[in-house]
Structures are given as structure tokens and as C-alpha cells.
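Here is the structure we will look at.
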Amino acid sequence: MSAESTETKKVVRVGTRKSQLAMIQTNSVVASLKKLCDDVDFEIISMSTTGDKILDTALSKIGEKSLFTKELEKALEDGRVDFVVHSLKDLQSTLPPNMVIGAVLEREDPYDAVLMHPKHATKHLSDLPENSVIGTSSVRRVAQLKRKYPHLKFESVRGNLNTRLRKLDEDEVYSALVLAAAGVKRMDWESRISQTLLPDECLYAVGQGALAVEVRANDSNTLDLVSKLNHEETLLRCVAERALLRELEAGCSTPVAVYTEIKDKELYLTGAVLSLDGSECLKETMQTSLSDTQTQEDSSSEAHQHYVSVVAQTISHQAMQAAEDIGIDMAKLLISKGAGDILAVARQQNAGGEKK
Ligand code: DPM
């Protein structure tokens with residue numbers, strides 16, 4: 001390649017958190033983009049976020065929204081970066097008004113996984129002795145697992161994945177950790193997984209396992225660029241999941257859990273709302289058709305339509321609308337069964353709880 005062509009190459013700046021997992025995720029997104037367009041250079045700019053800096057407080061008690069995203073969104077807004085790579089589950093269901101999700105990539109394993117202390121390596125949660133301590137800061141995991149494994153205790157564990165694994169192996173506190181399988185696999189630690197938690201014992205978090213690219217809403221060049229990364233099935237499932245979360249007005253510190261599936265152009269959504277101690281659990285399943293029933297409408301007027309902040313110009317608007325609608329309908333169904341009260345109590349307990 002001549003020096004001249006290098007100089008004229010457009011440079012796109014990519015924002016990411018600094019943790020090893022975030023860097024692995026961002027590098028993989030950039031590698032995919034490089035394969036799709038060789039006329040662009042990418043510069044990765046990494047930064048620490050509030051969630052990375054405050055390590056002594058349970059996430060649910062910090063009380064700040066968008067813990068892992070705020071600093072990155074500021075850089076995006078200021079034009080210091082052109083897009084940001086996130087774990088979709090860390091993105092609020094309502095983004096700042098000038099930001100959109102310009103791509104949702106194919107989902108990794110969405111389930112939660114159990115990583116045992118080496119002395120318990122071959123065990124499952126049910127085999128652990130009474131009062132064994134399980135490390136997780138997720139109220140969603142604690143609420144569900146208390147129902148299935150009442151003999152266990154749950155304690156918050158903070159820090160990035162490397163810190164957590166070291167705490168498991170070296171501090172004699174935790175018998176096991178529960179982590180998203182997706183992160184564990186991306187870190188290449190799959191051999192440490194002793195048990196995968198399937199939907200009958202633990203539903204996953206909204207967006208878990210999927211990566212998302214956040215872009216300024218008015219930056220059509222970057223939107224065009226990253227839209228090549230979209231994975232249609234993942235995107236539709238995640239629109240339904242995010243719509244449920246938004247309509248419930250719940251955040252990452254309240255116990256909301258989901259399961260989605262697309263089969264024969266039908267989208268299935270299971271949504272659950274739990275009390276913090278797991279004593280109450282509302283769970284419902286609905287389905288909707290994703291096939292186009294009308295002839296394709298003139299899409300030009302709808303090209304930049306958002307569905308729970310997700311923009312996807314190449315995916316049928318009818319399918320996107322159906323996905324958003326089923327999420328909203330599920331929230332209404334759960335609310336009609338009492339979800340609002342369960343969530344209000346959980347929020348209050350989170351706010352008033354002790355520092356851990
Ligand atoms: C959110 C939660 C957690 C993260 C809450 C939840 C887990 C916190 C904890 C919203 N974000 O899941 O109920 O484990 O104490 C996070 C992880 C990943 C993205 C790590 C993990 C990697 C997986 C992915 C933290 N965010 O959940 O083990 O990309 O989906």
C-alpha cells in the first residue's frame with residue numbers, strides 16, 4: 001500500500017471501557033468491521049467508567065444510572081469518539097436523546113454459568129454444603145437462585161472478571177461465582193464453567209450475551225458503517241427484551257429476567273419479575289408473528305425510526321414494531337398481575353439497604 005493511500009484513509013475512533021473483557025469485545029467488533037470495509041482505519045480509545053472506579057459498593061446501591069456507560073457517552077457526545085462498543089445489557093433501555101444503538105451483533109450464549117472454587121470443581125450448586133457463599137452482585141441472579149437453592153448464601157462481589165476470578169480462587173470466601181457465560185467464553189475461561197443455568201432455574205438479563213454499538217443519532221456515516229454488523233434475530237429478540245424493561249421502568253438493579261426465542265417467524269418472550277428474596281415471582285410467556293402481513297411500505301419516511309433506541313434500516317419495520325409491541329404487552333400483563341408493587345418494594349429495599 002502506498003504512503004499516500006494510508007494518509008487519505010478515513011479514521012474512525014472507537015470508545016471502550018478498559019477492562020480486558022471490554023477490550024476483547026471491542027477488538028472483535030473492529031476486526032469484523034475491517035473485514036467489511038478496507039477503506040477505513042480504526043483507533044481504539046479506552047477509558048475507565050464510574051462502575052469501574054467504585055468497587056466497594058454493591059452496584060444496586062450506588063444509585064447512579066448508566067454506571068458503565070456515562071463517561072463513554074460523554075466522549076461520544078463531544079465527538080472524541082465516533083462509536084462505542086458495549087455489552088448490550090449494560091445499556092439503559094432509554095438512551096440519551098441524541099444517541100442510538102446502530103448495531104446489535106450476534107448473541108453469544110445468553111445463559112448464566114457457575115464457576116466453582118477449584119476444590120468444588122466437579123460439583124453443581126445443589127451439591128454445595130449448607131450456607132456456602134455464592135458471589136454475585138446481580139439481584140436478578142440472587143432472587144432466582146434463592147428459590148432453587150435455599151441452602152446457599154449470596155454475597156456481592158465486585159470488580160472486573162479478572163478480579164472476581166482471583167477472589168474466587170484466592171480468598172477463602174466464595175464457593176462459586178455466577179457469571180454470564182458470554183463473558184466467560186470471550187475471556188477463554190470456558191473450561192472453568194461447572195454448570196450452565198438453564199431457563200427453568202435462572203432466566204437471563206435483558207440483552208445478555210449481545211454486543212451493541214452506540215452512535216450519535218445524527219451521524220449517518222457511522223450508522224451506515226456499523227449497520228453492516230447487525231444480526232437480525234438477535235436484534236429482534238433484544239428489542240422485545242428492552243421494550244419489556246423500559247415499560248416496567250426497571251433498571252439493572254431490579255430483578256427482571258427474560259428468555260426469548262425465534263422459531264418459524266414467531267418470536268417467543270418469557271418475562272419474569274421477582275422480589276429481592278425470591279419469595280415472589282411472576283412469570284409469563286407470549287408470542288408474536290414476525291412475518292410481514294402488509295406489502296412493504298415506503299420505508300424512506302421510517303428509515304431512522306428507533307425501537308427502544310435501536311435503529312436498523314435493513315430490517316422490516318413491521319418485525320421491529322411487533323418485537324417492541326410484545327415487550328410492551330408483556331410488561332402490561334406482568335403489571336396487571338402485580339409487578340409494579342414487587343418492583344417498587346425492590347427499589348425501596350435497594351435504596352435503603354446496607355452498604356455491602
Ligand atoms: C448487568 C448485570 C451485571 C452486569 C446485572 C445482571 C452482572 C453483575 C454481577 C446489567 N451488567 O446480569 O443481572 O455479575 O455481579 C456485565 C457482564 C457482562 C456484561 C458480566 C456478567 C458480560 C456478558 C455480556 C455486568 N455486563 O454478567 O457476568 O456481554 O452480556
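Chains: A, B, ... in order of the C-alpha cells. Residues: from 1 per chain. Ligands: from 1, in order shown.
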Discussion item. If we count only C-alpha atoms and set the cut-off at 7 Å, which residues sit around Leu229 in chain A, ignoring sequence neighbours fewer than 2 positions away in its own chain? Please answer as a PyMOL selection string.
Written reply: chain A and resi 103+105+226-227+231
Restricted to all heavy atoms, what would the selected residues look like written as a short mmCIF file (atom, residue, chain, number, x, y, z; two decimals), in the first residue's frame?
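Everything below was put into selection31.cif:
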data_model
loop_
_atom_site.label_atom_id
_atom_site.label_comp_id
_atom_site.auth_asym_id
_atom_site.auth_seq_id
_atom_site.Cartn_x
_atom_site.Cartn_y
_atom_site.Cartn_z
N ALA A 103 -26.05 -0.86 15.95
CA ALA A 103 -25.86 -2.27 15.60
C ALA A 103 -25.99 -3.14 16.84
O ALA A 103 -25.58 -2.77 17.93
CB ALA A 103 -24.48 -2.50 14.98
N LEU A 105 -24.99 -7.12 17.57
CA LEU A 105 -24.29 -8.24 16.94
C LEU A 105 -24.82 -9.58 17.44
O LEU A 105 -25.48 -9.65 18.48
CB LEU A 105 -22.78 -8.15 17.24
CG LEU A 105 -22.05 -7.08 16.43
CD1 LEU A 105 -22.20 -5.70 17.05
CD2 LEU A 105 -20.57 -7.42 16.29
N VAL A 226 -21.68 0.91 10.72
CA VAL A 226 -21.85 -0.16 11.72
C VAL A 226 -23.09 -1.02 11.47
O VAL A 226 -23.15 -2.15 11.95
CB VAL A 226 -21.89 0.40 13.18
CG1 VAL A 226 -20.63 1.19 13.48
CG2 VAL A 226 -23.14 1.22 13.43
N SER A 227 -24.03 -0.51 10.66
CA SER A 227 -25.25 -1.31 10.43
C SER A 227 -24.94 -2.64 9.73
O SER A 227 -25.72 -3.58 9.81
CB SER A 227 -26.26 -0.51 9.62
OG SER A 227 -25.76 -0.33 8.31
N HIS A 231 -27.22 -8.39 13.46
CA HIS A 231 -27.68 -9.77 13.37
C HIS A 231 -29.18 -9.74 13.64
O HIS A 231 -29.62 -9.44 14.75
CB HIS A 231 -26.96 -10.64 14.40
CG HIS A 231 -27.31 -12.09 14.31
ND1 HIS A 231 -28.20 -12.71 15.16
CD2 HIS A 231 -26.89 -13.04 13.45
CE1 HIS A 231 -28.30 -13.99 14.83
NE2 HIS A 231 -27.52 -14.22 13.80
#
Worksheet item: Any idea what's packed within 9 Å of range 13-27 of chain A, counting only C-alpha atoms, ignoring anything in its chain fewer than 6 positions away? Could you give it as a ChimeraX atom specification?
Response: /A:41-49,52,68-69,72-73,75-76,80-87,160-162,183-184,186-187,211
If you take only C-alpha atoms and a cut-off of 8 Å, which residues of range 119-199 of chain A touch range 246-255 of chain A, and what are their nearest atom pairs and distances in Å to one decimal, in chain and number order, as a tab-separated table?
residue	atom	partner	partner_atom	distance
A:Ser138	CA	A:Ser253	CA	7.3
A:Val139	CA	A:Pro255	CA	5.5
A:Arg140	CA	A:Pro255	CA	4.2
A:Arg141	CA	A:Pro255	CA	7.9
A:Ala143	CA	A:Pro255	CA	6.9
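The space between CA of Glu232 in chain A and CA of Lys89 in chain A spans 17.3 Å.
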Worksheet item: Which of range 93-232 of chain A counts as alpha helix (DSSP H) under DSSP, as a PyMOL selection string please?
Response: chain A and resi 139-148+161-170+181-186+220-227+232
Discussion item. So the first atom is CA of Val40 in chain A and the second is CA of Lys10 in chain A; what is the distance between them in Å, to one decimal place?
Written reply: 5.0 Å
Fill in: strand (DSSP E or B) residues, from DSSP on the backbone, in range 40-252 of chain A, as an NGL selection string
:A and (40-47 or 83-87 or 99-104 or 112-116 or 133-135 or 153-155 or 176-180 or 193-197 or 204 or 211-216)
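With only C-alpha atoms and all ligand atoms as the basis for measurement, A:Leu179 is the residue among A:Leu95, A:Ala121, A:Leu115, A:Leu179 that approaches ligand 1 most closely.
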Fill in: Counting only C-alpha atoms and all ligand atoms, the residue of A:Val206, A:Val133, A:Met99, A:Leu128 that sits nearest ligand 1
A:Val206
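Shortest separation to ligand 1 among A:Lys9, A:Lys185, A:Lys228, A:Arg147 occurs at residue A:Lys185, atoms counted being only C-alpha atoms and all ligand atoms.
Considering the residues A:His124, A:Lys70, A:His304, A:Lys265 and counting only C-alpha atoms, Thr196 in chain A has its shortest atom-to-atom contact with A:His124.
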Worksheet item: Leaving out range 239-245 of chain A and any residue of its chain fewer than 6 positions from it, which residues lie within 6 Å of it when counting only C-alpha atoms, given as a VMD selection string?
Response: chain A and resid 93 206 323 to 324 327 to 328 331
Write the residues of the preceding selection, restricted to all heavy atoms, as a PDB file, in the first residue's frame.
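Saved file out.pdb follows:
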ATOM      1  N   SER A  93     -32.340   1.134  29.022  1.00  0.00           N
ATOM      2  CA  SER A  93     -33.374   0.918  27.997  1.00  0.00           C
ATOM      3  C   SER A  93     -33.799   2.239  27.364  1.00  0.00           C
ATOM      4  O   SER A  93     -34.371   2.248  26.277  1.00  0.00           O
ATOM      5  CB  SER A  93     -34.571   0.178  28.582  1.00  0.00           C
ATOM      6  OG  SER A  93     -35.069   0.864  29.696  1.00  0.00           O
ATOM      7  N   VAL A 206     -31.900  -8.837  30.337  1.00  0.00           N
ATOM      8  CA  VAL A 206     -32.225  -8.202  29.053  1.00  0.00           C
ATOM      9  C   VAL A 206     -30.925  -7.891  28.294  1.00  0.00           C
ATOM     10  O   VAL A 206     -30.030  -7.248  28.841  1.00  0.00           O
ATOM     11  CB  VAL A 206     -33.035  -6.913  29.307  1.00  0.00           C
ATOM     12  CG1 VAL A 206     -33.098  -6.025  28.072  1.00  0.00           C
ATOM     13  CG2 VAL A 206     -34.426  -7.274  29.795  1.00  0.00           C
ATOM     14  N   ALA A 323     -41.833  -6.755  17.604  1.00  0.00           N
ATOM     15  CA  ALA A 323     -40.935  -7.086  18.714  1.00  0.00           C
ATOM     16  C   ALA A 323     -41.098  -6.084  19.859  1.00  0.00           C
ATOM     17  O   ALA A 323     -41.210  -6.461  21.025  1.00  0.00           O
ATOM     18  CB  ALA A 323     -39.485  -7.115  18.221  1.00  0.00           C
ATOM     19  N   GLU A 324     -41.160  -4.802  19.498  1.00  0.00           N
ATOM     20  CA  GLU A 324     -41.343  -3.792  20.555  1.00  0.00           C
ATOM     21  C   GLU A 324     -42.709  -3.983  21.241  1.00  0.00           C
ATOM     22  O   GLU A 324     -42.815  -3.918  22.463  1.00  0.00           O
ATOM     23  CB  GLU A 324     -41.234  -2.372  19.974  1.00  0.00           C
ATOM     24  CG  GLU A 324     -41.372  -1.314  21.064  1.00  0.00           C
ATOM     25  CD  GLU A 324     -41.128   0.116  20.578  1.00  0.00           C
ATOM     26  OE1 GLU A 324     -40.364   0.328  19.625  1.00  0.00           O
ATOM     27  OE2 GLU A 324     -41.721   1.023  21.172  1.00  0.00           O
ATOM     28  N   GLY A 327     -42.918  -6.762  23.843  1.00  0.00           N
ATOM     29  CA  GLY A 327     -42.249  -6.366  25.090  1.00  0.00           C
ATOM     30  C   GLY A 327     -43.161  -5.493  25.942  1.00  0.00           C
ATOM     31  O   GLY A 327     -43.284  -5.681  27.154  1.00  0.00           O
ATOM     32  N   ILE A 328     -43.834  -4.542  25.278  1.00  0.00           N
ATOM     33  CA  ILE A 328     -44.749  -3.642  25.991  1.00  0.00           C
ATOM     34  C   ILE A 328     -45.947  -4.427  26.537  1.00  0.00           C
ATOM     35  O   ILE A 328     -46.350  -4.265  27.693  1.00  0.00           O
ATOM     36  CB  ILE A 328     -45.215  -2.504  25.046  1.00  0.00           C
ATOM     37  CG1 ILE A 328     -44.012  -1.618  24.675  1.00  0.00           C
ATOM     38  CG2 ILE A 328     -46.329  -1.680  25.688  1.00  0.00           C
ATOM     39  CD1 ILE A 328     -44.293  -0.601  23.568  1.00  0.00           C
ATOM     40  N   ALA A 331     -45.002  -6.365  29.561  1.00  0.00           N
ATOM     41  CA  ALA A 331     -44.898  -5.508  30.747  1.00  0.00           C
ATOM     42  C   ALA A 331     -46.295  -5.232  31.308  1.00  0.00           C
ATOM     43  O   ALA A 331     -46.520  -5.316  32.520  1.00  0.00           O
ATOM     44  CB  ALA A 331     -44.196  -4.198  30.387  1.00  0.00           C
TER      45      ALA A 331
END
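You will find CA of Lys123 in chain A at 25.9 Å from atom 11 (N, counted along the ligand's line) of ligand 1.
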Practice prompt. Would you mind listing what lies within 10 Å of Lys167 in chain A as number ranges by chain, with only C-alpha atoms counted and same-chain residues fewer than 3 positions away left out?
Written response: A: 117, 135, 157-159, 161-164, 170-174, 177
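If you measure from each of A:Cys281, A:Val273, A:Val215, A:Leu225 to ligand 1 using only C-alpha atoms and all ligand atoms, the closest one turns out to be A:Val273.
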Worksheet item: Quick one: residues within 6 Å of Ala257 in chain A, only C-alpha atoms counted, chain neighbours fewer than 3 positions away excluded, as a PyMOL selection string?
Response: chain A and resi 203-205+271-272
Save the residues we just selected, all heavy atoms, as a PDB file, in the first residue's frame?
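Output below, filename out_11.pdb:
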ATOM      1  N   LEU A 203     -33.493 -17.294  34.487  1.00  0.00           N
ATOM      2  CA  LEU A 203     -33.636 -16.584  33.214  1.00  0.00           C
ATOM      3  C   LEU A 203     -32.559 -15.511  33.136  1.00  0.00           C
ATOM      4  O   LEU A 203     -32.083 -15.023  34.161  1.00  0.00           O
ATOM      5  CB  LEU A 203     -35.012 -15.933  33.111  1.00  0.00           C
ATOM      6  CG  LEU A 203     -36.213 -16.881  33.183  1.00  0.00           C
ATOM      7  CD1 LEU A 203     -37.509 -16.081  33.210  1.00  0.00           C
ATOM      8  CD2 LEU A 203     -36.215 -17.837  32.013  1.00  0.00           C
ATOM      9  N   TYR A 204     -32.184 -15.114  31.939  1.00  0.00           N
ATOM     10  CA  TYR A 204     -31.063 -14.179  31.787  1.00  0.00           C
ATOM     11  C   TYR A 204     -31.518 -12.719  31.832  1.00  0.00           C
ATOM     12  O   TYR A 204     -32.713 -12.421  31.909  1.00  0.00           O
ATOM     13  CB  TYR A 204     -30.260 -14.477  30.521  1.00  0.00           C
ATOM     14  CG  TYR A 204     -31.031 -14.832  29.258  1.00  0.00           C
ATOM     15  CD1 TYR A 204     -31.520 -13.842  28.422  1.00  0.00           C
ATOM     16  CD2 TYR A 204     -31.227 -16.170  28.897  1.00  0.00           C
ATOM     17  CE1 TYR A 204     -32.174 -14.175  27.244  1.00  0.00           C
ATOM     18  CE2 TYR A 204     -31.887 -16.517  27.718  1.00  0.00           C
ATOM     19  CZ  TYR A 204     -32.361 -15.507  26.906  1.00  0.00           C
ATOM     20  OH  TYR A 204     -33.019 -15.830  25.747  1.00  0.00           O
ATOM     21  N   ALA A 205     -30.528 -11.815  31.800  1.00  0.00           N
ATOM     22  CA  ALA A 205     -30.810 -10.377  31.827  1.00  0.00           C
ATOM     23  C   ALA A 205     -31.143  -9.895  30.419  1.00  0.00           C
ATOM     24  O   ALA A 205     -30.696 -10.482  29.424  1.00  0.00           O
ATOM     25  CB  ALA A 205     -29.596  -9.611  32.356  1.00  0.00           C
ATOM     26  N   GLY A 271     -41.056 -13.356  30.301  1.00  0.00           N
ATOM     27  CA  GLY A 271     -40.590 -12.279  31.168  1.00  0.00           C
ATOM     28  C   GLY A 271     -40.903 -12.631  32.613  1.00  0.00           C
ATOM     29  O   GLY A 271     -41.933 -13.253  32.897  1.00  0.00           O
ATOM     30  N   ALA A 272     -40.009 -12.265  33.526  1.00  0.00           N
ATOM     31  CA  ALA A 272     -40.246 -12.536  34.946  1.00  0.00           C
ATOM     32  C   ALA A 272     -39.855 -11.331  35.783  1.00  0.00           C
ATOM     33  O   ALA A 272     -38.899 -10.626  35.462  1.00  0.00           O
ATOM     34  CB  ALA A 272     -39.461 -13.764  35.396  1.00  0.00           C
TER      35      ALA A 272
END
Worksheet entry | Residue nearest Leu36 in chain A - candidates A:Asp224, A:Val178, A:Ile101, A:Thr288, atoms counted: only C-alpha atoms | A:Asp224
Worksheet item: Which residues come within 10 Å of Met286 in chain A, counting only C-alpha atoms, excluding same-chain residues fewer than 6 positions away, as an MDAnalysis selection string?
Response: chainID A and resid 260 267:271 326:327 329:330 333
